[in-house]
file entry.txt (compact mmCIF, C-alpha atoms and all ligand atoms)
# COMPACT_ATOMS: atom_id res chain seq x y z
CA MET A 1 89.83 118.47 116.81
CA THR A 2 93.58 118.13 116.92
CA ASP A 3 95.64 117.07 113.94
CA ILE A 4 98.93 115.30 114.52
CA LYS A 5 101.49 114.87 111.80
CA CYS A 6 103.21 111.54 112.18
CA LYS A 7 106.94 111.15 111.98
CA ILE A 8 108.27 109.49 108.83
CA ILE A 9 110.59 106.61 109.61
CA PRO A 10 112.44 103.98 107.55
CA GLU A 11 110.59 100.74 106.91
CA PRO A 12 110.61 98.82 110.21
CA GLN A 13 112.31 95.45 110.07
CA ASP A 14 111.25 94.04 113.39
CA HIS A 15 108.44 96.24 114.55
CA LYS A 16 105.60 94.62 116.38
CA PHE A 17 102.77 96.70 115.01
CA VAL A 18 103.05 97.64 111.38
CA PHE A 19 99.90 98.30 109.42
CA ARG A 20 100.31 98.04 105.68
CA GLN A 21 97.60 99.24 103.41
CA THR A 22 98.32 100.33 99.90
CA SER A 23 95.27 99.14 97.99
CA VAL A 24 92.49 100.96 99.81
CA LYS A 25 93.04 104.64 100.30
CA SER A 26 91.08 105.24 103.46
CA PRO A 27 91.96 105.92 107.09
CA TYR A 28 93.08 102.91 109.12
CA PHE A 29 91.00 104.01 112.04
CA ASP A 30 87.82 106.03 112.02
CA GLY A 31 86.49 107.00 115.39
CA ASP A 32 83.12 108.25 114.23
CA ASP A 33 81.48 105.35 116.01
CA TYR A 34 82.83 106.68 119.26
CA ALA A 35 81.01 109.98 119.02
CA GLU A 36 79.77 109.65 122.57
CA VAL A 37 83.30 109.82 123.94
CA PRO A 38 83.49 113.21 125.62
CA SER A 39 87.25 113.64 125.29
CA SER A 40 88.83 115.56 122.45
CA LYS A 41 89.36 113.79 119.16
CA ILE A 42 92.61 113.49 117.29
CA SER A 43 93.38 112.92 113.64
CA TYR A 44 96.72 111.50 112.56
CA LEU A 45 98.11 112.73 109.28
CA CYS A 46 100.90 111.34 107.13
CA GLY A 47 104.04 113.33 107.88
CA ASN A 48 104.89 113.37 104.21
CA CYS A 49 101.70 114.02 102.25
CA ASP A 50 99.08 114.88 104.91
CA PHE A 51 96.97 111.84 104.09
CA THR A 52 94.56 111.11 106.97
CA LEU A 53 95.77 107.86 108.50
CA ALA A 54 93.33 107.93 111.37
CA LYS A 55 90.60 110.34 112.24
CA ASN A 56 88.32 111.32 115.09
CA ILE A 57 90.00 109.07 117.56
CA HIS A 58 91.20 109.38 121.07
CA SER A 59 94.71 108.14 121.65
CA ASP A 60 93.42 105.66 124.18
CA GLN A 61 91.30 104.04 121.49
CA ILE A 62 94.30 102.95 119.50
CA VAL A 63 95.71 101.32 122.57
CA GLN A 64 92.42 99.52 123.02
CA LEU A 65 92.30 98.47 119.39
CA LEU A 66 95.65 96.82 119.76
CA SER A 67 94.70 95.22 123.06
CA THR A 68 97.70 96.59 124.83
CA ASP A 69 98.19 98.93 127.70
CA GLN A 70 101.84 99.70 127.18
CA PRO A 71 102.38 103.42 127.60
CA GLY A 72 104.14 105.18 124.77
CA LEU A 73 103.79 102.24 122.44
CA ASN A 74 104.78 103.12 118.92
CA ILE A 75 102.60 101.96 116.07
CA VAL A 76 103.67 102.21 112.45
CA LEU A 77 101.16 102.95 109.72
CA GLN A 78 102.17 102.77 106.09
CA CYS A 79 100.62 105.65 104.21
CA PRO A 80 98.33 104.28 101.47
CA GLN A 81 99.02 107.31 99.33
CA CYS A 82 102.78 107.82 99.40
CA GLU A 83 103.73 104.47 101.01
CA LYS A 84 105.91 106.10 103.62
CA PHE A 85 106.02 104.59 107.10
CA ASN A 86 104.53 106.81 109.76
CA GLU A 87 105.37 106.36 113.40
CA LEU A 88 102.18 106.86 115.37
CA ARG A 89 102.84 107.65 118.98
CA THR A 90 100.02 106.80 121.34
CA ASN A 91 101.73 108.85 124.02
CA SER A 92 100.56 112.17 122.65
CA SER A 93 100.32 114.14 125.85
CA LYS A 94 103.20 116.45 124.99
CA ILE A 95 101.70 118.15 121.97
ZN ZN B 101 101.65 109.89 102.82
call {"tool": "encode", "arguments": {"input": "entry.txt", "output": "structure tokens"}}
result
Amino acid sequence: MTDIKCKIIPEPQDHKFVFRQTSVKSPYFDGDDYAEVPSSKISYLCGNCDFTLAKNIHSDQIVQLLSTDQPGLNIVLQCPQCEKFNELRTNSSKI
């Protein structure tokens, strides 16, 4: 499995996809249900505190979850633990 540390960014003012979750400290996305997917799994960690924002997912799954096919779409996840905003890049081919 590959771990990706997200980039910490300032709070987005006009971002289309911002997930805020500060009451429940659990990953936003958990791809365990997709165990049959043969491709490699990725976990996204908070760039500040290493909290697991999403685990066991394929980057394509996030795109599907958001019902969009825009390449390189940036999603912002607020870390439940440290409340920083993490920029989650679905275009992760250049790791
Ligand atoms: Zn954090």
call {"tool": "atom_distance", "arguments": {"input": "entry.txt", "atom1": "CA of Phe51 (chain A)", "atom2": "CA of Pro27 (chain A)"}}
result
8.3 Å
call {"tool": "closest_residue", "arguments": {"input": "entry.txt", "among": "A:Leu88, A:Cys6, A:Ile57, A:Gly31", "to": "ligand ZN 101 (chain B)", "atoms": "all atoms listed in the file"}}
result
A:Cys6
call {"tool": "atom_distance", "arguments": {"input": "entry.txt", "atom1": "CA of His58 (chain A)", "atom2": "CA of Glu87 (chain A)"}}
result
16.4 Å
call {"tool": "closest_residue", "arguments": {"input": "entry.txt", "among": "A:Gln13, A:Thr2, A:Gln78, A:Ser23", "to": "Asn48 (chain A)", "atoms": "all atoms listed in the file"}}
result
A:Gln78
call {"tool": "atom_distance", "arguments": {"input": "entry.txt", "atom1": "CA of Ile42 (chain A)", "atom2": "CA of Tyr28 (chain A)"}}
result
13.4 Å
call {"tool": "residues_near_ligand", "arguments": {"input": "entry.txt", "ligand": "ligand ZN 101 (chain B)", "cutoff": "9 Å", "atoms": "all atoms listed in the file", "output": "MDAnalysis selection string"}}
result
chainID A and resid 8 45:53 78:86
